[in-house]
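Okay, structure first, notes after.
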Amino acid sequence: MKNDDDVESPLLAAAADADHHNVDNSHPAAGSSFALACAVAASLTSIIYGYNRGVMSGAQKFVQLDLGVSDAEIEVLIGATSIYSLVGSLAAGWACDRAGRRRTIALSAAMFLAGSAATAAASGYAALMAGQLVAGVACGFGLVVAPVYIAEIAPPSSRGFLASIPEIAGNSGILLSYIADFALAGLPMSLNWRLMIGIGAVPPLFLAAAALLAMPETPRWLVLHGHHDDARQVLVRTTGGDAALAERRLQEIVSSVKESATKQQLSSAAAAGGGGASTGVWRDILVRPTPAVRRVLFAILGLQFFQQASGVAAMVLYAPRVFNHVGVTSERAVLGATVLLGATKTASIVVPLFLADRLGRRPMLLSSAGGMAVSLLVLGFSLRVSSSSGSGSEWWAAATSVAAAAAFMATFSLGFGPVIWMYGSEILPLRLRAQGTGIGTAANRVMSAAVGMSFISLYEAAGMAGTFYLFAACSAAAWVFVYACLPETKGRSLEEMEALFDAAHPSSPPPAS
């Protein structure tokens with residue numbers, strides 16, 4: 001074995017001999033357990049991301065009162081975080097390819113720690129922006145590296161299950177931030193929001209330790225960099241000790257890498273001036289994509305666009321304002337309703353964890369988009385009724401608004417929350433996966449920033465009800481996009497995806513099992 005310290009964790013190396021001498025082929029579930037442990041560790045990134053994303057929902061009011069920050073400045077601060085994460089998502093693809101998936105996870109943990117600490121200690125608006133700059137870049141890293149790591153470490157039979165874990169973790173982080181906001185709101189104003197944000201600096205310590213000490217590098221990255229023996233060792237563990245199956249999967253990965261390398265050489269020879277490997281990747285994605293890669297990129301960008309165009313960022317970041325608009329004025333009632341949204345979103349995310357590999361990706365996405373459109377229409381209607389009626393119906397409108405918002409969060413979590421990340425990470429060819437995931441995440445962050453930075457201005461111009469009618473129309477358009485453009489990927493290996501998109505059709509069936 002070569003360069004062990006560079007390509008795998010110390011704990012994995014220490015356990016290698018034990019695994020080799022204690023293989024039990026009668027228990028293939030052991031491989032899934034190992035992959036599950038790796039996926040859970042990688043998903044700590046998503047918990048931290050979710051906490052950082054959601055904590056400002058309840059903290060923003062106290063930040064405004066303590067530091068004298070205006071609505072316009074808060075709108076820019078919250079939206080700018082998504083712009084910063086755009087930078088992080090683009091850089092993360094390069095870091096994943098150069099430093100490896102595991103080291104990139106550790107790097108994101110260090111940035112989360114620094115960003116949370118700096119924001120919590122801020123004494124003015126400029127310091128807040130600086131802290132959110134670091135935290136936002138970390139968010140971009142986290143959004144890219146966890147799905148890529150899990151897609152590459154997971155066996156095909158459980159990839160849908162494992163790829164849903166980051167979204168569950170992200171929703172759990174949002175819920176924890178809402179609970180922290182609710183629990184700490186009663187403290188003195190100069191302290192409560194700092195604690196709300198500062199708590200986010202604790203989990204990165206555990207994530208960094210897990211990444212550096214316990215998590216292996218992915219077999220596909222190892223093969224891509226010539227560490228075949230190390231890749232075989234990881235594959236043996238993810239297949240429960242089935243050496244024959246591990247060898248077969250290793251050869252599939254090696255063949256895929258060789259095919260990608262051949263395409264890279266042909267592309268470099270055709271392009272004037274040549275270029276390095278990183279330049280070749282960008283060229284193959286953006287300048288000279290094959291028809292299959294073009295369809296893959298269109299699918300990824302479309303899903304990322306529609307996820308944020310549905311208005312989920314508005315609900316995550318501005319739910320207290322929505323509830324205030326409908327007549328819920330008690331601070332504890334508003335934060336309590338926000339906790340309800342977080343709990344509903346987190347509980348619902350469990351459903352695709354078990355159904356994505358049974359029903360398929362398309363049914364989950366179609367059901368999600370349809371449910372989002374209906375619930376947003378109901379929310380818009382209840383907001384319109386609230387703004388045009390007397391006090392006698394305010395309680396009804398408030399209750400309906402909270403219920404519709406919870407229904408939106410639930411239906412979002414059935415598909416457009418977790419499944420788009422699962423789908424995007426599995427359809428990209430190996431050599432383009434990290435950079436392609438970065439591009440998709442960048443598109444997601446641009447849309448999230450657009451919603452976050454314009455929501456207050458939009459509802460002041462078009463009305464709160466009109467804003468949610470617009471989000472409902474976007475969700476309906478998302479249903480049409482999924483139905484018309486996305487083939488089913490259930491049951492296919494990562495190495496089969498490019499062939500699937502060479503002749504993509506939404507109704508393409510998976511191979512017989």
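Each chain in the structure tokens gets a letter, A, B, ..., in the order shown, and its residues are numbered from 1; ligands are numbered from 1 in order too.
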List the spatial neighbours of A:Glu426 as a ChimeraX atom specification - criterion: any atom at most 9 Å away, only C-alpha atoms, same-chain residues fewer than 2 positions off excluded.
/A:147-148,151-152,159,421-424,428-429,433,489,493-494,497
Would you export the selected residues with C-alpha atoms as a CSV table (one decimal), in the first residue's frame, please?
```
chain,number,residue,atom,x,y,z
A,147,PRO,CA,-23.4,14.5,-1.5
A,148,VAL,CA,-20.3,13.7,-3.6
A,151,ALA,CA,-22.6,9.0,-3.7
A,152,GLU,CA,-19.1,7.5,-4.1
A,159,ARG,CA,-27.4,4.8,-2.5
A,421,TRP,CA,-29.1,16.3,-4.4
A,422,MET,CA,-29.3,12.5,-4.7
A,423,TYR,CA,-30.2,12.7,-8.4
A,424,GLY,CA,-27.6,15.3,-9.2
A,428,LEU,CA,-22.7,13.0,-13.4
A,429,PRO,CA,-19.7,11.0,-14.9
A,433,ARG,CA,-18.7,14.7,-10.7
A,489,THR,CA,-32.2,6.4,-12.3
A,493,SER,CA,-24.8,2.0,-11.1
A,494,LEU,CA,-23.0,5.3,-11.3
A,497,MET,CA,-25.6,7.0,-16.0
```
With only C-alpha atoms counted and 10 Å as the cut-off, give the residues of stretch 139-211 of chain A in contact with stretch 70-87 of chain A, each with its shortest interatomic distance in Å and the pair that gives it, as a Markdown table.
```
| residue | atom | partner | partner_atom | distance |
| --- | --- | --- | --- | --- |
| A:Cys139 | CA | A:Ser85 | CA | 5.4 |
| A:Gly140 | CA | A:Ser85 | CA | 4.0 |
| A:Phe141 | CA | A:Ser85 | CA | 7.4 |
| A:Gly142 | CA | A:Ser85 | CA | 9.1 |
| A:Leu143 | CA | A:Ser85 | CA | 8.7 |
```
Would you mind exporting the chosen residues as a compact mmCIF listing (two decimals), in the first residue's frame, restricted to N, CA, C and O atoms?
```
# COMPACT_ATOMS: atom_id res chain seq x y z
N CYS A 139 -20.56 26.96 3.89
CA CYS A 139 -21.83 26.36 3.46
C CYS A 139 -21.72 25.82 2.04
O CYS A 139 -22.22 24.73 1.73
N GLY A 140 -21.07 26.58 1.16
CA GLY A 140 -20.88 26.11 -0.20
C GLY A 140 -20.07 24.83 -0.26
O GLY A 140 -20.40 23.91 -1.01
N PHE A 141 -19.01 24.77 0.53
CA PHE A 141 -18.22 23.54 0.61
C PHE A 141 -19.07 22.37 1.10
O PHE A 141 -19.03 21.27 0.54
N GLY A 142 -19.83 22.62 2.16
CA GLY A 142 -20.63 21.54 2.74
C GLY A 142 -21.68 21.01 1.79
O GLY A 142 -21.95 19.80 1.74
N LEU A 143 -22.30 21.89 1.01
CA LEU A 143 -23.34 21.47 0.08
C LEU A 143 -22.79 20.59 -1.04
O LEU A 143 -23.51 19.75 -1.58
```
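The gap separating atom CA of A:Leu44 from atom CA of A:Leu207 is 6.0 Å, in Å to one decimal.
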For A:Val402, find every residue with an atom within 9 Å (counting only C-alpha atoms), except residues of its own chain fewer than 5 positions away, and show them as a VMD selection string.
chain A and resid 323 337 to 338 340 to 341 379 397 407
I need the residues from that last selection saved to file as a compact mmCIF listing (two decimals), in the first residue's frame (with N, CA and C atoms), if you can.
```txt
# COMPACT_ATOMS: atom_id res chain seq x y z
N PHE A 323 -45.72 34.87 9.55
CA PHE A 323 -46.71 34.66 10.61
C PHE A 323 -47.14 35.98 11.25
N ALA A 337 -44.39 28.54 16.21
CA ALA A 337 -44.86 28.12 14.89
C ALA A 337 -43.68 27.82 13.96
N THR A 338 -42.61 28.58 14.11
CA THR A 338 -41.42 28.33 13.30
C THR A 338 -40.78 27.00 13.66
N LEU A 340 -42.46 24.46 14.71
CA LEU A 340 -43.36 23.49 14.10
C LEU A 340 -42.98 23.24 12.65
N LEU A 341 -42.66 24.31 11.91
CA LEU A 341 -42.23 24.13 10.52
C LEU A 341 -40.96 23.29 10.44
N LEU A 379 -51.70 28.70 1.06
CA LEU A 379 -51.04 29.71 1.89
C LEU A 379 -51.30 31.11 1.34
N ALA A 397 -57.57 32.45 9.44
CA ALA A 397 -56.52 32.68 8.45
C ALA A 397 -55.15 32.34 9.02
N ALA A 407 -47.55 22.16 5.53
CA ALA A 407 -47.77 21.23 4.42
C ALA A 407 -46.74 21.46 3.31
```
Do you have the atom CA of A:Ala109-atom CA of A:Phe412 distance handy?
27.3 Å
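Using only C-alpha atoms, the nearest neighbour of A:Arg101 within the list A:Met129, A:Ala314, A:Ile153, A:Leu36 is A:Ile153.
Residues with any atom within 12 Å of A:Ala114, counting only C-alpha atoms and excluding same-chain neighbours fewer than 3 positions away, are A:Leu107, A:Ser108, A:Ala109, A:Ala110, A:Met111, A:Ala117, A:Ala118, A:Thr119, A:Ala120, A:Ala121, A:Ala130, A:Gly131, A:Gln132, A:Leu133, A:Val134, A:Ala135, A:Gly136, A:Val137, A:Ala138, A:Ile197, A:Gly198, A:Gly200, A:Ala201, A:Val202, A:Pro203, A:Pro204, A:Leu205.
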Generate a file of the selected residues that holds N, CA and C atoms, formatted as a tab-separated table (two decimals), in the first residue's frame.
```
chain	number	residue	atom	x	y	z
A	107	LEU	N	-11.73	20.69	5.85
A	107	LEU	CA	-11.57	22.11	5.57
A	107	LEU	C	-12.86	22.87	5.80
A	108	SER	N	-13.98	22.29	5.36
A	108	SER	CA	-15.26	22.96	5.57
A	108	SER	C	-15.57	23.09	7.06
A	109	ALA	N	-15.20	22.10	7.86
A	109	ALA	CA	-15.42	22.17	9.30
A	109	ALA	C	-14.64	23.33	9.92
A	110	ALA	N	-13.39	23.52	9.49
A	110	ALA	CA	-12.59	24.63	10.01
A	110	ALA	C	-13.21	25.97	9.67
A	111	MET	N	-13.75	26.10	8.46
A	111	MET	CA	-14.37	27.36	8.07
A	111	MET	C	-15.68	27.60	8.81
A	117	ALA	N	-17.93	31.64	14.98
A	117	ALA	CA	-17.30	32.39	16.07
A	117	ALA	C	-17.20	33.87	15.74
A	118	ALA	N	-16.82	34.19	14.51
A	118	ALA	CA	-16.67	35.59	14.12
A	118	ALA	C	-18.01	36.32	14.09
A	119	THR	N	-19.06	35.66	13.60
A	119	THR	CA	-20.38	36.28	13.56
A	119	THR	C	-20.92	36.52	14.96
A	120	ALA	N	-20.75	35.55	15.84
A	120	ALA	CA	-21.26	35.69	17.21
A	120	ALA	C	-20.55	36.81	17.96
A	121	ALA	N	-19.31	37.08	17.61
A	121	ALA	CA	-18.54	38.12	18.31
A	121	ALA	C	-18.66	39.49	17.66
A	130	ALA	N	-18.45	40.07	7.61
A	130	ALA	CA	-17.19	39.32	7.53
A	130	ALA	C	-17.38	37.90	8.05
A	131	GLY	N	-18.06	37.78	9.20
A	131	GLY	CA	-18.31	36.45	9.75
A	131	GLY	C	-19.16	35.61	8.83
A	132	GLN	N	-20.19	36.22	8.23
A	132	GLN	CA	-21.06	35.48	7.31
A	132	GLN	C	-20.36	35.14	6.01
A	133	LEU	N	-19.33	35.93	5.65
A	133	LEU	CA	-18.53	35.59	4.47
A	133	LEU	C	-17.85	34.24	4.66
A	134	VAL	N	-17.20	34.06	5.81
A	134	VAL	CA	-16.50	32.79	6.07
A	134	VAL	C	-17.51	31.65	6.20
A	135	ALA	N	-18.59	31.88	6.96
A	135	ALA	CA	-19.60	30.84	7.13
A	135	ALA	C	-20.28	30.50	5.81
A	136	GLY	N	-20.51	31.51	4.95
A	136	GLY	CA	-21.14	31.25	3.67
A	136	GLY	C	-20.27	30.41	2.75
A	137	VAL	N	-18.98	30.69	2.71
A	137	VAL	CA	-18.07	29.85	1.91
A	137	VAL	C	-18.07	28.42	2.44
A	138	ALA	N	-18.09	28.27	3.76
A	138	ALA	CA	-18.17	26.93	4.35
A	138	ALA	C	-19.44	26.22	3.95
A	197	ILE	N	-26.11	32.05	17.56
A	197	ILE	CA	-25.18	31.85	16.45
A	197	ILE	C	-23.92	31.11	16.91
A	198	GLY	N	-23.42	31.44	18.10
A	198	GLY	CA	-22.16	30.86	18.58
A	198	GLY	C	-22.21	29.36	18.81
A	200	GLY	N	-23.25	27.27	16.90
A	200	GLY	CA	-22.85	26.62	15.65
A	200	GLY	C	-21.37	26.39	15.50
A	201	ALA	N	-20.55	26.92	16.42
A	201	ALA	CA	-19.11	26.70	16.35
A	201	ALA	C	-18.69	25.41	17.02
A	202	VAL	N	-19.61	24.73	17.71
A	202	VAL	CA	-19.24	23.51	18.46
A	202	VAL	C	-19.19	22.27	17.57
A	203	PRO	N	-20.23	21.95	16.79
A	203	PRO	CA	-20.20	20.71	15.99
A	203	PRO	C	-19.03	20.60	15.02
A	204	PRO	N	-18.50	21.70	14.43
A	204	PRO	CA	-17.36	21.53	13.51
A	204	PRO	C	-16.16	20.85	14.14
A	205	LEU	N	-15.98	20.98	15.44
A	205	LEU	CA	-14.86	20.29	16.10
A	205	LEU	C	-14.99	18.78	15.94
```
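One finds atom CA of A:Tyr459 at 21.6 Å from atom CA of A:Asn444.
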Using only C-alpha atoms, the shortest atom-to-atom distance to A:Met409 among A:Gly50, A:Pro352, A:Gly302, A:Gly371 belongs to A:Gly371
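For the set A:Ile439, A:Ala434, A:Val378, A:Val350, the residue with the smallest atom-to-atom gap to A:Ala410 is A:Val350, counting only C-alpha atoms.
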Name all residues at most 8 Å from A:Gly438 (count only C-alpha atoms; drop same-chain ones fewer than 6 positions away) and give them as a PyMOL selection string.
chain A and resi 89-93+144
Let's have the selection written as an mmCIF file, in the first residue's frame, with N, CA, C and O atoms.
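Dumped everything to again.cif:
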```
data_model
loop_
_atom_site.group_PDB
_atom_site.id
_atom_site.type_symbol
_atom_site.label_atom_id
_atom_site.label_comp_id
_atom_site.auth_asym_id
_atom_site.auth_seq_id
_atom_site.Cartn_x
_atom_site.Cartn_y
_atom_site.Cartn_z
ATOM 1 N N SER A 89 -19.065 26.830 -3.201
ATOM 2 C CA SER A 89 -19.448 25.647 -3.971
ATOM 3 C C SER A 89 -18.576 25.476 -5.212
ATOM 4 O O SER A 89 -18.242 24.351 -5.594
ATOM 5 N N LEU A 90 -18.202 26.591 -5.843
ATOM 6 C CA LEU A 90 -17.326 26.495 -7.013
ATOM 7 C C LEU A 90 -15.911 26.070 -6.616
ATOM 8 O O LEU A 90 -15.273 25.272 -7.301
ATOM 9 N N ALA A 91 -15.423 26.602 -5.497
ATOM 10 C CA ALA A 91 -14.089 26.215 -5.031
ATOM 11 C C ALA A 91 -14.075 24.792 -4.508
ATOM 12 O O ALA A 91 -13.047 24.097 -4.586
ATOM 13 N N ALA A 92 -15.194 24.321 -3.973
ATOM 14 C CA ALA A 92 -15.239 22.985 -3.378
ATOM 15 C C ALA A 92 -15.018 21.895 -4.411
ATOM 16 O O ALA A 92 -14.391 20.871 -4.116
ATOM 17 N N GLY A 93 -15.536 22.086 -5.632
ATOM 18 C CA GLY A 93 -15.316 21.083 -6.664
ATOM 19 C C GLY A 93 -13.838 20.904 -6.959
ATOM 20 O O GLY A 93 -13.341 19.776 -7.081
ATOM 21 N N VAL A 144 -21.531 20.781 -1.391
ATOM 22 C CA VAL A 144 -20.931 20.005 -2.482
ATOM 23 C C VAL A 144 -20.338 18.693 -1.982
ATOM 24 O O VAL A 144 -20.606 17.615 -2.528
#
```
